[in-house]
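Quick notes on the structure that follows.
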Amino acid sequence: MFPTEALWAALIVLLLFLAQRFFPRRRIFAIFCAVLLCAGAAFLVTHKEKAEPLTAAQRDHIAEQQMLVADWHAEYEGFIEQMDHNWRQYHRILSDFSEDVVDLTTTHERLNELDVEAMKTLDALERMEPPLALDSDNYDLVTAVILKARAYAAEQRQTIRHTANVSDPERQITEVQEEQSRRLRDVMRSESPTGLFTAQEISALRENVDVKE
């Protein structure tokens, strides 16, 4: 067992008394006092008394919050997978046309089909809401993640839609396949979303529902 704070304070007073006798020079005594006080402060910080254990009601509440966050996050991960799939398909379509695997008409049709899927993902995200039973802090964090995901999905869909329009065979300004491919890639480079950055909110959510003793 570590000494209590009272015993530690008494020990410091005793050591100061002894140090004054053994280190009569003020400079040495002052250095000793500083070292002793720092050591005492470090001890108290390192060996704080443990917090009171959680009550049964507190544990039940945390368990409820954990379940709500877990269910929501599973649904959210599904949207992440959909957006990732859409984006991989988008790059695959551009790559196939760039390598002359498919013609422009097929590319245009595939981009239009992908635009429909991207719109479905965005519509579903627009309907997603945080669980009402979440604590206010958790509710706000989930809301922030959903808003970021919606914005990302909207940008992703807009990029796909614009690329589909540029790939329309009736709107071409050149018949050179390399130039047509370059125009599509220019749209991709200029309009692609920068990224979906939600790690901070997700980490805070996990911290909030973690059981702390």
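Just remember, in the structure tokens the first chain shown is A, the second B, etc., residues are 1-based per chain, and ligands are 1-based in the order shown.
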
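For Val166 (chain A), the residues within 10 Å (counting only C-alpha atoms, excluding itself and residues fewer than 3 positions away along the chain) are His108, Ile160, Arg161, His162, Thr163, Pro169, Glu170, Arg171, Gln172, Gln180, Arg183, Leu184 and Val187 of chain A.
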
Determine, for each residue of region 62-108 of chain A having at least one atom at most 12 Å from an atom of region 122-129 of chain A, the closest pair of atoms and their separation in Å to one decimal, counting only C-alpha atoms; order by chain and ascending number, as a tab-separated table.
residue	atom	partner	partner_atom	distance
A:Trp72	CA	A:Glu129	CA	9.1
A:His73	CA	A:Met128	CA	11.4
A:Glu75	CA	A:Met128	CA	9.1
A:Tyr76	CA	A:Leu125	CA	8.7
A:Glu77	CA	A:Leu125	CA	11.5
A:Gly78	CA	A:Leu125	CA	10.5
A:Phe79	CA	A:Leu125	CA	7.5
A:Ile80	CA	A:Leu125	CA	10.2
A:Gln82	CA	A:Leu122	CA	10.0
A:Met83	CA	A:Leu122	CA	9.0
A:Asn86	CA	A:Leu122	CA	11.3

Could you go through region 23-212 of chain A and tell me which residues DSSP, when run on the backbone, assigns to alpha helix (DSSP H), listing them as JSON, numbers by chain? {"A": [26, 27, 28, 29, 30, 31, 32, 33, 34, 35, 36, 37, 38, 39, 40, 41, 42, 43, 44, 45, 46, 56, 57, 58, 59, 60, 61, 62, 63, 64, 65, 66, 67, 68, 69, 70, 71, 72, 73, 74, 75, 76, 77, 78, 79, 80, 81, 82, 83, 84, 85, 86, 87, 88, 89, 90, 91, 92, 93, 94, 95, 96, 97, 98, 104, 105, 106, 107, 108, 109, 110, 111, 112, 113, 114, 115, 116, 117, 118, 119, 120, 121, 122, 123, 124, 125, 126, 127, 136, 137, 138, 139, 140, 141, 142, 143, 144, 145, 146, 147, 148, 149, 150, 151, 152, 153, 154, 155, 156, 157, 158, 159, 160, 161, 162, 163, 164, 165, 166, 177, 178, 179, 180, 181, 182, 183, 184, 185, 186, 187, 188, 189, 190, 191, 199, 200, 201, 202, 203, 204, 205, 206, 207, 208]}

Write the residues of the selection above to a file with C-alpha atoms, as a compact mmCIF listing (two decimals), in the first residue's frame.
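Generated file (result01.txt):
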# COMPACT_ATOMS: atom_id res chain seq x y z
CA ARG A 26 20.97 27.81 1.10
CA ARG A 27 21.62 26.99 -2.56
CA ILE A 28 22.02 23.27 -1.94
CA PHE A 29 19.04 23.25 0.42
CA ALA A 30 16.88 25.04 -2.17
CA ILE A 31 17.81 22.50 -4.87
CA PHE A 32 17.00 19.65 -2.52
CA CYS A 33 13.62 21.19 -1.69
CA ALA A 34 12.78 21.62 -5.37
CA VAL A 35 13.66 18.01 -6.15
CA LEU A 36 11.67 16.77 -3.17
CA LEU A 37 8.59 18.79 -4.06
CA CYS A 38 8.73 17.61 -7.69
CA ALA A 39 8.98 14.01 -6.55
CA GLY A 40 6.03 14.50 -4.22
CA ALA A 41 3.91 16.05 -6.95
CA ALA A 42 4.75 13.22 -9.34
CA PHE A 43 3.85 10.67 -6.70
CA LEU A 44 0.46 12.24 -6.02
CA VAL A 45 -0.38 12.49 -9.72
CA THR A 46 0.69 8.90 -10.44
CA ALA A 56 -25.57 -0.76 -11.82
CA ALA A 57 -27.68 2.06 -13.32
CA GLN A 58 -24.59 3.71 -14.80
CA ARG A 59 -23.45 0.42 -16.31
CA ASP A 60 -26.89 -0.19 -17.81
CA HIS A 61 -26.89 3.29 -19.33
CA ILE A 62 -23.43 2.81 -20.85
CA ALA A 63 -24.50 -0.58 -22.22
CA GLU A 64 -27.53 1.05 -23.85
CA GLN A 65 -25.35 3.76 -25.40
CA GLN A 66 -22.91 1.11 -26.63
CA MET A 67 -25.72 -0.81 -28.33
CA LEU A 68 -27.14 2.32 -29.97
CA VAL A 69 -23.73 3.40 -31.25
CA ALA A 70 -22.87 -0.12 -32.44
CA ASP A 71 -26.14 -0.52 -34.37
CA TRP A 72 -25.79 2.91 -35.96
CA HIS A 73 -22.13 2.33 -36.84
CA ALA A 74 -22.94 -0.98 -38.54
CA GLU A 75 -25.45 0.82 -40.77
CA TYR A 76 -22.96 3.63 -41.39
CA GLU A 77 -20.26 1.15 -42.39
CA GLY A 78 -22.68 -0.20 -44.98
CA PHE A 79 -22.86 3.24 -46.57
CA ILE A 80 -19.08 3.53 -46.51
CA GLU A 81 -18.82 0.24 -48.38
CA GLN A 82 -21.39 1.41 -50.95
CA MET A 83 -19.54 4.68 -51.57
CA ASP A 84 -16.22 2.84 -51.81
CA HIS A 85 -17.74 0.39 -54.32
CA ASN A 86 -19.19 3.24 -56.39
CA TRP A 87 -15.85 5.02 -56.45
CA ARG A 88 -13.92 1.90 -57.46
CA GLN A 89 -16.41 1.34 -60.26
CA TYR A 90 -16.00 4.94 -61.39
CA HIS A 91 -12.22 4.59 -61.69
CA ARG A 92 -12.62 1.20 -63.38
CA ILE A 93 -14.89 2.74 -66.04
CA LEU A 94 -12.42 5.55 -66.77
CA SER A 95 -9.53 3.08 -66.85
CA ASP A 96 -11.32 0.76 -69.29
CA PHE A 97 -12.00 3.65 -71.65
CA SER A 98 -8.47 5.02 -71.29
CA LEU A 104 -17.28 5.91 -75.61
CA THR A 105 -20.92 4.86 -75.94
CA THR A 106 -20.44 1.97 -73.52
CA THR A 107 -18.52 4.25 -71.15
CA HIS A 108 -21.37 6.76 -71.20
CA GLU A 109 -23.94 4.06 -70.48
CA ARG A 110 -21.90 2.63 -67.60
CA LEU A 111 -21.42 6.08 -66.05
CA ASN A 112 -25.16 6.75 -66.26
CA GLU A 113 -25.88 3.44 -64.53
CA LEU A 114 -23.33 4.27 -61.84
CA ASP A 115 -24.90 7.70 -61.38
CA VAL A 116 -28.19 6.00 -60.53
CA GLU A 117 -26.45 3.87 -57.88
CA ALA A 118 -24.63 6.89 -56.44
CA MET A 119 -27.95 8.74 -56.20
CA LYS A 120 -29.50 5.81 -54.32
CA THR A 121 -26.64 5.90 -51.81
CA LEU A 122 -27.05 9.64 -51.33
CA ASP A 123 -30.83 9.34 -50.90
CA ALA A 124 -30.38 6.65 -48.24
CA LEU A 125 -27.85 8.79 -46.39
CA GLU A 126 -30.25 11.72 -46.48
CA ARG A 127 -32.77 9.56 -44.62
CA SER A 136 -26.44 14.75 -26.25
CA ASP A 137 -22.67 14.50 -26.79
CA ASN A 138 -22.99 11.21 -28.66
CA TYR A 139 -25.96 12.52 -30.63
CA ASP A 140 -23.94 15.53 -31.77
CA LEU A 141 -20.98 13.35 -32.79
CA VAL A 142 -23.17 10.99 -34.81
CA THR A 143 -24.86 13.98 -36.45
CA ALA A 144 -21.48 15.41 -37.45
CA VAL A 145 -20.44 12.08 -39.02
CA ILE A 146 -23.71 11.80 -40.96
CA LEU A 147 -23.43 15.35 -42.29
CA LYS A 148 -19.87 14.71 -43.47
CA ALA A 149 -20.92 11.44 -45.13
CA ARG A 150 -23.81 13.17 -46.91
CA ALA A 151 -21.53 15.92 -48.19
CA TYR A 152 -19.01 13.36 -49.43
CA ALA A 153 -21.69 11.27 -51.15
CA ALA A 154 -23.11 14.39 -52.81
CA GLU A 155 -19.67 15.40 -54.14
CA GLN A 156 -19.04 11.86 -55.32
CA ARG A 157 -22.36 11.72 -57.14
CA GLN A 158 -21.78 15.15 -58.70
CA THR A 159 -18.41 14.01 -60.07
CA ILE A 160 -19.95 10.89 -61.58
CA ARG A 161 -22.85 12.89 -63.05
CA HIS A 162 -20.56 15.49 -64.63
CA THR A 163 -18.27 12.82 -66.05
CA ALA A 164 -21.29 11.04 -67.55
CA ASN A 165 -22.37 14.29 -69.23
CA VAL A 166 -18.89 14.90 -70.64
CA GLN A 177 -10.07 8.71 -78.22
CA GLU A 178 -7.01 9.93 -76.28
CA GLU A 179 -8.42 13.45 -76.11
CA GLN A 180 -11.82 12.18 -75.03
CA SER A 181 -10.21 10.14 -72.27
CA ARG A 182 -8.17 13.15 -71.15
CA ARG A 183 -11.34 15.24 -70.80
CA LEU A 184 -12.95 12.59 -68.60
CA ARG A 185 -9.88 12.37 -66.40
CA ASP A 186 -9.75 16.15 -66.12
CA VAL A 187 -13.24 16.05 -64.62
CA MET A 188 -12.17 13.30 -62.24
CA ARG A 189 -9.08 15.21 -61.07
CA SER A 190 -10.83 18.56 -60.64
CA GLU A 191 -14.09 17.44 -59.01
CA ALA A 199 -11.82 9.57 -37.49
CA GLN A 200 -11.95 12.23 -34.77
CA GLU A 201 -15.70 11.89 -34.24
CA ILE A 202 -15.65 8.08 -34.35
CA SER A 203 -12.77 8.00 -31.85
CA ALA A 204 -14.65 10.35 -29.51
CA LEU A 205 -17.74 8.13 -29.75
CA ARG A 206 -15.76 5.04 -28.79
CA GLU A 207 -14.20 6.92 -25.90
CA ASN A 208 -17.61 8.06 -24.64
